[in-house]
Amino acid sequence: LLREGRSPRRVMKVLSVAVLRYTRDTAEPVMLSTAQDLSSFGFFEKRGVREMLTFFAKTVIQRIKAGQRMTVEMEDMKEYQVHAFVRSDGLAATVTADTEYPTRVAFALLTQLLDDFAAKVEGWATLETAEGFNIEAVLLKAQDPANFDKITKIQQDLDDTTQVLHQTIDKLLERGEKLDNLVERSDDLSKQSKLFYKQARKTNSCCLIS
């Protein structure tokens, strides 16, 4: 759905890039560094979208296996996908982008991001937050998939050697889990954001690019 008075033309958009750690020694993944581009949203939407992006990043990383690459569809936010990669050492990253963003580019970006982060941030495995890593520059670069053309060409064998799983958020959840319940219990979401989520679920209009 598009808001009234806005052009129907779509452009590829990356909303969020995040680096986390999760080695199952914590109750949930630890957000080490994140950057978000919320310029497409209204003033009163930004807080809700920002907190939901963090919530979805943690929810996805917590439920995929080490060494796994996965693209997760947001069933009630069909314009977007979360691309996630968890390394065998527990360092993980997500890119949340619209569905037109090339999957191959997203995972090339994630691989390079984690390699750079591990090289530049010492002791990340015990940190609660990473200072000094310029993730904003990664987000800016990610807006143009052409910036990663060379990487994707180098990794031509990615599709052949590494399986990228595709899943919906509801199917990713463990048996008996409900997304609505996870949202309600989340400490990452304010009351305002939980209300924002509930309204979005009803109208199927959360997080639309204007």
# chains A, B, ... in the order shown; residues from 1 in each chain; ligands from 1
>>> select_by_dssp(residues="range 15-123 of chain A", states="strand (DSSP E)", output="VMD selection string")
chain A and resid 15 to 21 30 to 36 69 to 73 80 to 86 91 to 98
>>> closest_residue(among="A:Leu179, A:Leu32, A:Ala106, A:Ala118", to="Asp144 in chain A", atoms="only C-alpha atoms")
A:Ala106
>>> closest_atom_pairs(of="range 71-155 of chain A", to="range 38-54 of chain A", cutoff="12 Å", atoms="only C-alpha atoms", output="Markdown table")
| residue | atom | partner | partner_atom | distance |
| --- | --- | --- | --- | --- |
| A:Met74 | CA | A:Leu53 | CA | 11.2 |
| A:Met77 | CA | A:Met52 | CA | 11.3 |
| A:Tyr80 | CA | A:Leu53 | CA | 10.7 |
| A:Gln81 | CA | A:Leu53 | CA | 10.8 |
| A:Val82 | CA | A:Leu53 | CA | 9.2 |
| A:Ala93 | CA | A:Thr54 | CA | 11.6 |
| A:Thr94 | CA | A:Thr54 | CA | 9.9 |
| A:Val95 | CA | A:Leu53 | CA | 9.8 |
| A:Thr96 | CA | A:Leu53 | CA | 7.7 |
| A:Ala97 | CA | A:Leu53 | CA | 10.6 |
| A:Leu139 | CA | A:Leu38 | CA | 11.6 |
>>> atom_distance(atom1="CA of Glu136 in chain A", atom2="CA of Pro29 in chain A")
20.5 Å
>>> closest_atom_pairs(of="range 45-162 of chain A", to="range 16-27 of chain A", cutoff="10 Å", atoms="only C-alpha atoms", output="CSV")
residue,atom,partner,partner_atom,distance
A:Arg50,CA,A:Ser16,CA,8.8
A:Leu53,CA,A:Ser16,CA,7.1
A:Thr54,CA,A:Ala18,CA,8.3
A:Ala57,CA,A:Ala18,CA,7.5
A:Lys58,CA,A:Leu20,CA,8.0
A:Ile61,CA,A:Tyr22,CA,7.7
A:Gln62,CA,A:Tyr22,CA,7.2
A:Ala66,CA,A:Thr23,CA,8.5
A:Val82,CA,A:Ser16,CA,9.2
A:His83,CA,A:Val17,CA,9.7
A:Ala84,CA,A:Ala18,CA,9.5
A:Phe85,CA,A:Val19,CA,9.8
A:Val86,CA,A:Tyr22,CA,8.3
A:Arg87,CA,A:Arg21,CA,9.4
A:Ser88,CA,A:Thr23,CA,9.0
A:Asp89,CA,A:Thr23,CA,7.3
A:Gly90,CA,A:Thr23,CA,4.9
A:Leu91,CA,A:Arg21,CA,4.6
A:Ala92,CA,A:Leu20,CA,5.1
A:Ala93,CA,A:Val19,CA,4.3
A:Thr94,CA,A:Ala18,CA,5.3
A:Val95,CA,A:Val17,CA,4.7
A:Thr96,CA,A:Ser16,CA,5.1
A:Ala97,CA,A:Ser16,CA,7.1
A:Leu109,CA,A:Val17,CA,9.7
A:Leu110,CA,A:Val17,CA,8.8
A:Leu113,CA,A:Val19,CA,8.3
A:Leu114,CA,A:Val19,CA,7.5
A:Phe117,CA,A:Val19,CA,8.3
A:Trp124,CA,A:Arg21,CA,7.9
A:Ala125,CA,A:Arg21,CA,6.8
A:Thr126,CA,A:Arg21,CA,8.8
A:Leu127,CA,A:Arg21,CA,8.8
A:Glu128,CA,A:Arg21,CA,9.1
A:Thr129,CA,A:Leu20,CA,9.0
A:Ala130,CA,A:Val19,CA,9.2
A:Ile135,CA,A:Val17,CA,7.6
A:Glu136,CA,A:Val17,CA,8.4
A:Val138,CA,A:Val17,CA,7.7
A:Leu139,CA,A:Val17,CA,6.0
A:Leu140,CA,A:Val17,CA,9.8
A:Ala142,CA,A:Val17,CA,8.7
>>> residues_around(residues="Phe133 in chain A", least_positions_apart="6", cutoff="9 Å", atoms="only C-alpha atoms", output="compact mmCIF listing (two decimals) with all heavy atoms, in the first residue's frame")
# COMPACT_ATOMS: atom_id res chain seq x y z
N SER A 33 26.38 -3.12 17.33
CA SER A 33 26.44 -1.90 16.54
C SER A 33 25.32 -1.91 15.51
O SER A 33 25.04 -2.96 14.91
CB SER A 33 27.79 -1.79 15.83
OG SER A 33 27.92 -0.56 15.15
N PHE A 117 34.40 -6.08 10.85
CA PHE A 117 34.10 -5.85 12.26
C PHE A 117 35.02 -6.67 13.15
O PHE A 117 35.60 -6.15 14.12
CB PHE A 117 32.64 -6.20 12.54
CG PHE A 117 32.17 -5.83 13.92
CD1 PHE A 117 31.61 -4.59 14.16
CD2 PHE A 117 32.29 -6.72 14.98
CE1 PHE A 117 31.18 -4.24 15.44
CE2 PHE A 117 31.86 -6.39 16.25
CZ PHE A 117 31.31 -5.14 16.48
N LYS A 120 38.52 -5.20 13.26
CA LYS A 120 38.69 -3.87 13.83
C LYS A 120 38.26 -3.75 15.29
O LYS A 120 38.68 -2.83 16.00
CB LYS A 120 37.93 -2.84 12.99
CG LYS A 120 38.47 -2.69 11.58
CD LYS A 120 37.64 -1.73 10.76
CE LYS A 120 38.19 -1.60 9.34
NZ LYS A 120 37.36 -0.71 8.50
N VAL A 121 37.40 -4.66 15.74
CA VAL A 121 36.87 -4.57 17.11
C VAL A 121 37.42 -5.73 17.93
O VAL A 121 36.96 -6.87 17.83
CB VAL A 121 35.33 -4.59 17.11
CG1 VAL A 121 34.81 -4.47 18.54
CG2 VAL A 121 34.78 -3.46 16.24
